[in-house]
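S.K.: start-v2.pdb is the file, holding PDB, C-alpha atoms:
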ATOM      1  CA  MET A   1     162.202  76.107 172.657
ATOM      2  CA  LEU A   2     160.971  72.509 172.567
ATOM      3  CA  PRO A   3     163.371  69.852 173.879
ATOM      4  CA  ASN A   4     164.043  66.509 172.174
ATOM      5  CA  VAL A   5     163.381  67.799 168.692
ATOM      6  CA  TYR A   6     164.505  65.471 165.913
ATOM      7  CA  LYS A   7     164.716  66.955 162.432
ATOM      8  CA  ASP A   8     163.194  63.905 160.716
ATOM      9  CA  GLN A   9     159.995  64.007 162.779
ATOM     10  CA  ARG A  10     156.731  64.504 160.890
ATOM     11  CA  VAL A  11     154.851  67.225 162.743
ATOM     12  CA  GLY A  12     151.241  68.360 162.863
ATOM     13  CA  ILE A  13     150.423  71.670 164.528
ATOM     14  CA  PHE A  14     146.951  72.391 165.896
ATOM     15  CA  VAL A  15     146.292  75.934 167.138
ATOM     16  CA  ASP A  16     143.346  76.888 169.348
ATOM     17  CA  VAL A  17     143.369  80.540 168.256
ATOM     18  CA  GLN A  18     140.708  81.721 170.721
ATOM     19  CA  ASN A  19     142.570  80.201 173.656
ATOM     20  CA  LEU A  20     145.770  82.046 172.712
ATOM     21  CA  TYR A  21     143.980  85.264 171.848
ATOM     22  CA  TYR A  22     142.222  85.552 175.210
ATOM     23  CA  SER A  23     145.276  84.449 177.182
ATOM     24  CA  ALA A  24     147.463  87.125 175.548
ATOM     25  CA  LYS A  25     144.756  89.754 175.926
ATOM     26  CA  ASN A  26     144.032  88.977 179.588
ATOM     27  CA  LEU A  27     147.646  88.440 180.672
ATOM     28  CA  TYR A  28     149.474  91.068 178.626
ATOM     29  CA  ASN A  29     146.799  93.224 176.949
ATOM     30  CA  THR A  30     148.372  92.478 173.570
ATOM     31  CA  LYS A  31     148.123  90.131 170.581
ATOM     32  CA  VAL A  32     149.818  86.885 169.630
ATOM     33  CA  ASN A  33     152.644  86.575 167.089
ATOM     34  CA  PHE A  34     151.458  83.540 165.140
ATOM     35  CA  ARG A  35     154.465  83.609 162.788
ATOM     36  CA  GLU A  36     156.825  83.042 165.739
ATOM     37  CA  ILE A  37     154.547  80.364 167.165
ATOM     38  CA  LEU A  38     154.588  78.427 163.889
ATOM     39  CA  LYS A  39     158.373  78.722 163.631
ATOM     40  CA  ALA A  40     158.907  77.528 167.222
ATOM     41  CA  ALA A  41     156.371  74.703 166.948
ATOM     42  CA  ALA A  42     157.825  73.331 163.728
ATOM     43  CA  SER A  43     161.427  73.747 164.975
ATOM     44  CA  GLY A  44     162.856  72.886 161.561
ATOM     45  CA  ARG A  45     161.102  69.522 161.382
ATOM     46  CA  LYS A  46     159.036  68.130 158.498
ATOM     47  CA  LEU A  47     155.757  70.025 158.775
ATOM     48  CA  ILE A  48     152.856  67.928 157.514
ATOM     49  CA  ARG A  49     150.053  70.358 158.418
ATOM     50  CA  ALA A  50     149.563  73.449 160.546
ATOM     51  CA  ILE A  51     145.934  74.280 161.239
ATOM     52  CA  ALA A  52     144.619  77.389 162.982
ATOM     53  CA  TYR A  53     141.066  77.022 164.292
ATOM     54  CA  VAL A  54     139.149  80.311 164.436
ATOM     55  CA  ILE A  55     135.693  81.559 165.328
ATOM     56  CA  LYS A  56     134.009  84.042 162.989
ATOM     57  CA  ALA A  57     132.366  86.755 165.073
ATOM     58  CA  ASP A  58     131.906  89.474 162.431
ATOM     59  CA  VAL A  59     134.383  91.829 164.054
ATOM     60  CA  LYS A  60     136.544  94.478 162.423
ATOM     61  CA  ASP A  61     139.635  93.186 160.562
ATOM     62  CA  GLU A  62     138.628  89.563 161.106
ATOM     63  CA  ALA A  63     138.990  88.648 157.421
ATOM     64  CA  ASN A  64     142.425  90.325 157.296
ATOM     65  CA  PHE A  65     143.533  88.328 160.326
ATOM     66  CA  PHE A  66     142.393  85.028 158.787
ATOM     67  CA  GLU A  67     144.165  85.914 155.537
ATOM     68  CA  ALA A  68     147.352  86.792 157.448
ATOM     69  CA  LEU A  69     147.279  83.368 159.135
ATOM     70  CA  GLU A  70     147.097  81.727 155.708
ATOM     71  CA  LYS A  71     149.997  83.811 154.381
ATOM     72  CA  ILE A  72     152.131  82.735 157.368
ATOM     73  CA  GLY A  73     151.487  79.093 156.454
ATOM     74  CA  PHE A  74     148.453  78.000 158.432
ATOM     75  CA  GLU A  75     145.452  76.238 157.012
ATOM     76  CA  VAL A  76     142.548  78.153 158.556
ATOM     77  CA  LYS A  77     139.396  76.379 159.685
ATOM     78  CA  SER A  78     136.575  78.628 160.786
ATOM     79  CA  LYS A  79     133.122  78.343 162.230
ATOM     80  CA  ASP A  80     130.528  80.910 163.195
ATOM     81  CA  LEU A  81     130.077  82.138 166.733
ATOM     82  CA  GLN A  82     126.896  80.627 168.162
ATOM     83  CA  VAL A  83     124.501  83.129 169.728
ATOM     84  CA  PHE A  84     121.752  81.649 171.861
ATOM     85  CA  ILE A  85     118.386  83.041 172.882
ATOM     86  CA  GLY A  86     119.091  85.296 175.840
ATOM     87  CA  GLY A  87     122.359  86.519 174.358
ATOM     88  CA  ALA A  88     124.748  83.792 175.535
ATOM     89  CA  LYS A  89     127.576  83.156 173.072
ATOM     90  CA  LYS A  90     129.681  80.094 172.439
ATOM     91  CA  GLY A  91     132.501  79.340 170.073
ATOM     92  CA  ASP A  92     135.040  76.599 170.406
ATOM     93  CA  TRP A  93     136.774  74.022 168.277
ATOM     94  CA  ASP A  94     137.592  71.382 170.907
ATOM     95  CA  ILE A  95     135.892  68.479 169.099
ATOM     96  CA  GLY A  96     137.122  69.631 165.675
ATOM     97  CA  ILE A  97     140.716  69.876 166.883
ATOM     98  CA  ALA A  98     140.465  66.472 168.549
ATOM     99  CA  MET A  99     139.006  64.799 165.461
ATOM    100  CA  ASP A 100     141.595  66.316 163.120
ATOM    101  CA  ALA A 101     144.479  65.333 165.412
ATOM    102  CA  ILE A 102     143.199  61.751 165.736
ATOM    103  CA  GLU A 103     142.620  61.431 161.983
ATOM    104  CA  MET A 104     146.080  62.812 161.126
ATOM    105  CA  ALA A 105     147.978  60.997 163.896
ATOM    106  CA  PRO A 106     148.911  57.954 161.766
ATOM    107  CA  LYS A 107     150.833  60.308 159.425
ATOM    108  CA  LEU A 108     152.596  62.121 162.294
ATOM    109  CA  ASP A 109     155.391  61.413 164.739
ATOM    110  CA  THR A 110     154.686  64.514 166.827
ATOM    111  CA  VAL A 111     151.515  66.449 167.532
ATOM    112  CA  VAL A 112     152.006  70.030 168.695
ATOM    113  CA  LEU A 113     148.898  71.265 170.481
ATOM    114  CA  ILE A 114     148.928  75.013 170.908
ATOM    115  CA  SER A 115     146.388  75.560 173.647
ATOM    116  CA  GLY A 116     146.287  75.572 177.419
ATOM    117  CA  ASP A 117     142.776  74.127 177.592
ATOM    118  CA  GLY A 118     142.547  71.213 180.026
ATOM    119  CA  ASP A 119     139.657  69.793 177.991
ATOM    120  CA  PHE A 120     142.353  68.399 175.667
ATOM    121  CA  LEU A 121     143.731  66.068 178.349
ATOM    122  CA  PRO A 122     141.870  62.955 177.059
ATOM    123  CA  LEU A 123     143.020  63.778 173.514
ATOM    124  CA  VAL A 124     146.658  64.009 174.598
ATOM    125  CA  GLN A 125     146.388  60.703 176.460
ATOM    126  CA  HIS A 126     144.765  58.967 173.467
ATOM    127  CA  LEU A 127     147.230  60.333 170.909
ATOM    128  CA  ARG A 128     150.155  59.040 172.941
ATOM    129  CA  SER A 129     148.880  55.711 174.273
ATOM    130  CA  ALA A 130     146.674  54.500 171.411
ATOM    131  CA  LEU A 131     148.311  56.181 168.424
ATOM    132  CA  GLY A 132     151.952  56.433 169.513
ATOM    133  CA  CYS A 133     152.502  60.150 168.928
ATOM    134  CA  ARG A 134     154.855  62.373 170.854
ATOM    135  CA  ILE A 135     152.834  65.251 172.337
ATOM    136  CA  GLU A 136     154.166  68.776 172.668
ATOM    137  CA  VAL A 137     152.059  71.550 174.152
ATOM    138  CA  MET A 138     152.748  75.260 173.680
ATOM    139  CA  ALA A 139     150.730  77.848 175.566
ATOM    140  CA  PHE A 140     150.913  80.627 178.125
ATOM    141  CA  GLY A 141     151.830  78.764 181.303
ATOM    142  CA  LYS A 142     149.868  81.087 183.568
ATOM    143  CA  THR A 143     146.616  80.074 181.842
ATOM    144  CA  THR A 144     147.436  76.443 181.026
ATOM    145  CA  SER A 145     145.925  73.450 182.760
ATOM    146  CA  LYS A 146     148.535  71.940 185.095
ATOM    147  CA  LYS A 147     147.327  68.445 184.212
ATOM    148  CA  LEU A 148     147.820  69.180 180.509
ATOM    149  CA  ILE A 149     151.391  70.308 181.220
ATOM    150  CA  GLU A 150     152.081  67.136 183.214
ATOM    151  CA  GLU A 151     150.627  64.840 180.545
ATOM    152  CA  ALA A 152     152.517  66.335 177.596
ATOM    153  CA  ASP A 153     155.905  64.930 176.594
ATOM    154  CA  SER A 154     157.119  68.525 176.583
ATOM    155  CA  PHE A 155     155.662  71.913 177.398
ATOM    156  CA  ALA A 156     156.828  75.226 175.950
ATOM    157  CA  ASP A 157     155.753  78.075 178.212
ATOM    158  CA  MET A 158     155.052  81.074 175.998
ATOM    159  CA  ASP A 159     155.121  83.326 179.075
ATOM    160  CA  LEU A 160     158.918  82.963 179.050
ATOM    161  CA  SER A 161     159.506  84.740 175.727
ATOM    162  CA  LYS A 162     158.186  88.060 174.472
ATOM    163  CA  ARG A 163     158.733  86.853 170.861
ATOM    164  CA  PHE A 164     155.250  85.307 170.969
ATOM    165  CA  LEU A 165     153.599  88.691 171.550
ATOM    166  CA  ILE A 166     153.041  91.633 169.224
TER     167      ILE A 166
END
Output the file's structure as structure tokens, nothing else.
M.R.:
Amino acid sequence: MLPNVYKDQRVGIFVDVQNLYYSAKNLYNTKVNFREILKAAASGRKLIRAIAYVIKADVKDEANFFEALEKIGFEVKSKDLQVFIGGAKKGDWDIGIAMDAIEMAPKLDTVVLISGDGDFLPLVQHLRSALGCRIEVMAFGKTTSKKLIEEADSFADMDLSKRFLI
């Protein structure tokens, strides 16, 4: 799935769960197969860490989903959904993902960012130019920032394989 994969690479995988969840729901009205995503992202290389970033929204089966992610092999980091006066809601991990990737970069050869969010463009640029990491992005191409695709060393379009959907 990902070109130029070398088996001795040390890999860190950072998954923006909300980004994938809403892309799969809006594009295909289905859910994401996180087991297949982890397998494709690691591609048989030395996995240092795989982190799934989630938002707790007190919805049905949420705890079971988080537990399933852990059983697959992800470290799960969660934070509560913010609800503002007036009912507006916000929940994202952009800064947390960026900080973790920057902090772990010296121990990694390759960073696999699993998100189509264009807000990660400065992170991708910094990880490559300042920290020397190879950057691979996996996401649904139809909902991925074109600039993020262009900036990555490689892009795996999850729209091209049904194995990433349940």
S.K.: What separation in Å, quoted to one decimal, exists between atom CA of A:Asp100 and atom CA of A:Lys31?
M.R.: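 Atom CA of A:Lys31 lies at a distance of 25.8 Å from atom CA of A:Asp100.
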S.K.: Using the chain letters and numbering of this document, enumerate as a PyMOL selection string the residues selected by the PyMOL selection byres ((chain A and resi 48-60) around 7).
M.R.: chain A and resi 10-18+46-47+61-62+74-81+91+93
S.K.: Save the residues we just selected, C-alpha atoms, as an mmCIF file, in the frame of the given file?
M.R.:
data_model
loop_
_atom_site.group_PDB
_atom_site.id
_atom_site.type_symbol
_atom_site.label_atom_id
_atom_site.label_comp_id
_atom_site.auth_asym_id
_atom_site.auth_seq_id
_atom_site.Cartn_x
_atom_site.Cartn_y
_atom_site.Cartn_z
ATOM 1 C CA ARG A 10 156.731 64.504 160.890
ATOM 2 C CA VAL A 11 154.851 67.225 162.743
ATOM 3 C CA GLY A 12 151.241 68.360 162.863
ATOM 4 C CA ILE A 13 150.423 71.670 164.528
ATOM 5 C CA PHE A 14 146.951 72.391 165.896
ATOM 6 C CA VAL A 15 146.292 75.934 167.138
ATOM 7 C CA ASP A 16 143.346 76.888 169.348
ATOM 8 C CA VAL A 17 143.369 80.540 168.256
ATOM 9 C CA GLN A 18 140.708 81.721 170.721
ATOM 10 C CA LYS A 46 159.036 68.130 158.498
ATOM 11 C CA LEU A 47 155.757 70.025 158.775
ATOM 12 C CA ASP A 61 139.635 93.186 160.562
ATOM 13 C CA GLU A 62 138.628 89.563 161.106
ATOM 14 C CA PHE A 74 148.453 78.000 158.432
ATOM 15 C CA GLU A 75 145.452 76.238 157.012
ATOM 16 C CA VAL A 76 142.548 78.153 158.556
ATOM 17 C CA LYS A 77 139.396 76.379 159.685
ATOM 18 C CA SER A 78 136.575 78.628 160.786
ATOM 19 C CA LYS A 79 133.122 78.343 162.230
ATOM 20 C CA ASP A 80 130.528 80.910 163.195
ATOM 21 C CA LEU A 81 130.077 82.138 166.733
ATOM 22 C CA GLY A 91 132.501 79.340 170.073
ATOM 23 C CA TRP A 93 136.774 74.022 168.277
#
S.K.: Would you give the centre and edge lengths, in Å to one decimal, of a box along x, y and z around the listed atoms of stretch 154-166 of chain A, with 5 Å added to each side, as JSON?
M.R.:
{"center_x": 156.3, "center_y": 80.1, "center_z": 174.1, "size_x": 16.5, "size_y": 33.1, "size_z": 19.9}
S.K.: List every residue of stretch 10-86 of chain A that has an atom at most 10 Å from any atom of stretch 138-160 of chain A, and for each one report the closest atom pair and its distance in Å to one decimal, counting only C-alpha atoms, with rows sorted by chain and then by increasing residue number, as JSON lines.
M.R.:
{"residue": "A:Val15", "atom": "CA", "partner": "A:Met138", "partner_atom": "CA", "distance": 9.2}
{"residue": "A:Asp16", "atom": "CA", "partner": "A:Ala139", "partner_atom": "CA", "distance": 9.7}
{"residue": "A:Asn19", "atom": "CA", "partner": "A:Ala139", "partner_atom": "CA", "distance": 8.7}
{"residue": "A:Leu20", "atom": "CA", "partner": "A:Ala139", "partner_atom": "CA", "distance": 7.1}
{"residue": "A:Tyr22", "atom": "CA", "partner": "A:Thr143", "partner_atom": "CA", "distance": 9.7}
{"residue": "A:Ser23", "atom": "CA", "partner": "A:Thr143", "partner_atom": "CA", "distance": 6.5}
{"residue": "A:Ala24", "atom": "CA", "partner": "A:Phe140", "partner_atom": "CA", "distance": 7.8}
{"residue": "A:Asn26", "atom": "CA", "partner": "A:Thr143", "partner_atom": "CA", "distance": 9.5}
{"residue": "A:Leu27", "atom": "CA", "partner": "A:Lys142", "partner_atom": "CA", "distance": 8.2}
{"residue": "A:Tyr28", "atom": "CA", "partner": "A:Asp159", "partner_atom": "CA", "distance": 9.6}
{"residue": "A:Ile37", "atom": "CA", "partner": "A:Met138", "partner_atom": "CA", "distance": 8.5}
{"residue": "A:Ala40", "atom": "CA", "partner": "A:Met138", "partner_atom": "CA", "distance": 9.2}
{"residue": "A:Ala41", "atom": "CA", "partner": "A:Met138", "partner_atom": "CA", "distance": 7.7}
S.K.: Figure out the distance between atom CA of A:Asp109 and atom CA of A:Gln9, please, to one decimal in Å.
M.R.: 5.6 Å
S.K.: Quick one: of A:Ala63, A:Leu121, A:Ala130, A:Ile85, who's nearest to A:Pro106, counting only C-alpha atoms?
M.R.: A:Ala130
S.K.: Identify, on the basis of only C-alpha atoms, every residue whose closest approach to A:Gly132 does not exceed 12 Å; exclude the query and any residue fewer than 4 positions from it along the same chain; express the result as a CSV table (one decimal) with C-alpha atoms, keeping the file's coordinate frame.
M.R.:
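around04.csv was written with the following content:
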chain,number,residue,atom,x,y,z
A,102,ILE,CA,143.2,61.8,165.7
A,105,ALA,CA,148.0,61.0,163.9
A,106,PRO,CA,148.9,58.0,161.8
A,107,LYS,CA,150.8,60.3,159.4
A,108,LEU,CA,152.6,62.1,162.3
A,109,ASP,CA,155.4,61.4,164.7
A,110,THR,CA,154.7,64.5,166.8
A,111,VAL,CA,151.5,66.4,167.5
A,124,VAL,CA,146.7,64.0,174.6
A,125,GLN,CA,146.4,60.7,176.5
A,126,HIS,CA,144.8,59.0,173.5
A,127,LEU,CA,147.2,60.3,170.9
A,128,ARG,CA,150.2,59.0,172.9
A,153,ASP,CA,155.9,64.9,176.6
S.K.: To one decimal place in Å, what is the distance between atom CA of A:Glu103 and atom CA of A:Leu38?
M.R.: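 Answer for the atom CA of A:Glu103 to atom CA of A:Leu38 separation: 20.9 Å.
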S.K.: Tell me which protein, DNA and RNA residues are within 7 Å of A:Leu165, counting only C-alpha atoms, leaving out same-chain ones fewer than 2 positions away, and put them as a PDB file with C-alpha atoms, keeping the file's coordinate frame.
M.R.:
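After the write, part.pdb holds the following:
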ATOM      1  CA  THR A  30     148.372  92.478 173.570  1.00  0.00           C
ATOM      2  CA  LYS A  31     148.123  90.131 170.581  1.00  0.00           C
ATOM      3  CA  VAL A  32     149.818  86.885 169.630  1.00  0.00           C
ATOM      4  CA  ASN A  33     152.644  86.575 167.089  1.00  0.00           C
ATOM      5  CA  LYS A 162     158.186  88.060 174.472  1.00  0.00           C
ATOM      6  CA  ARG A 163     158.733  86.853 170.861  1.00  0.00           C
TER       7      ARG A 163
END
S.K.: When you count all atoms listed in the file, which of these residues is closest to A:Gly73: A:Ile166, A:Ala42, A:Met104, A:Ile135?
M.R.: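 Checking each of A:Ile166, A:Ala42, A:Met104, A:Ile135 against A:Gly73, counting all atoms listed in the file, the winner is A:Ala42.
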S.K.: Which is closer to A:Ser43 than all the others in A:Val112, A:Cys133, A:Ile95, A:Leu123, using all atoms listed in the file?
M.R.: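 The closest residue to A:Ser43 is A:Val112.
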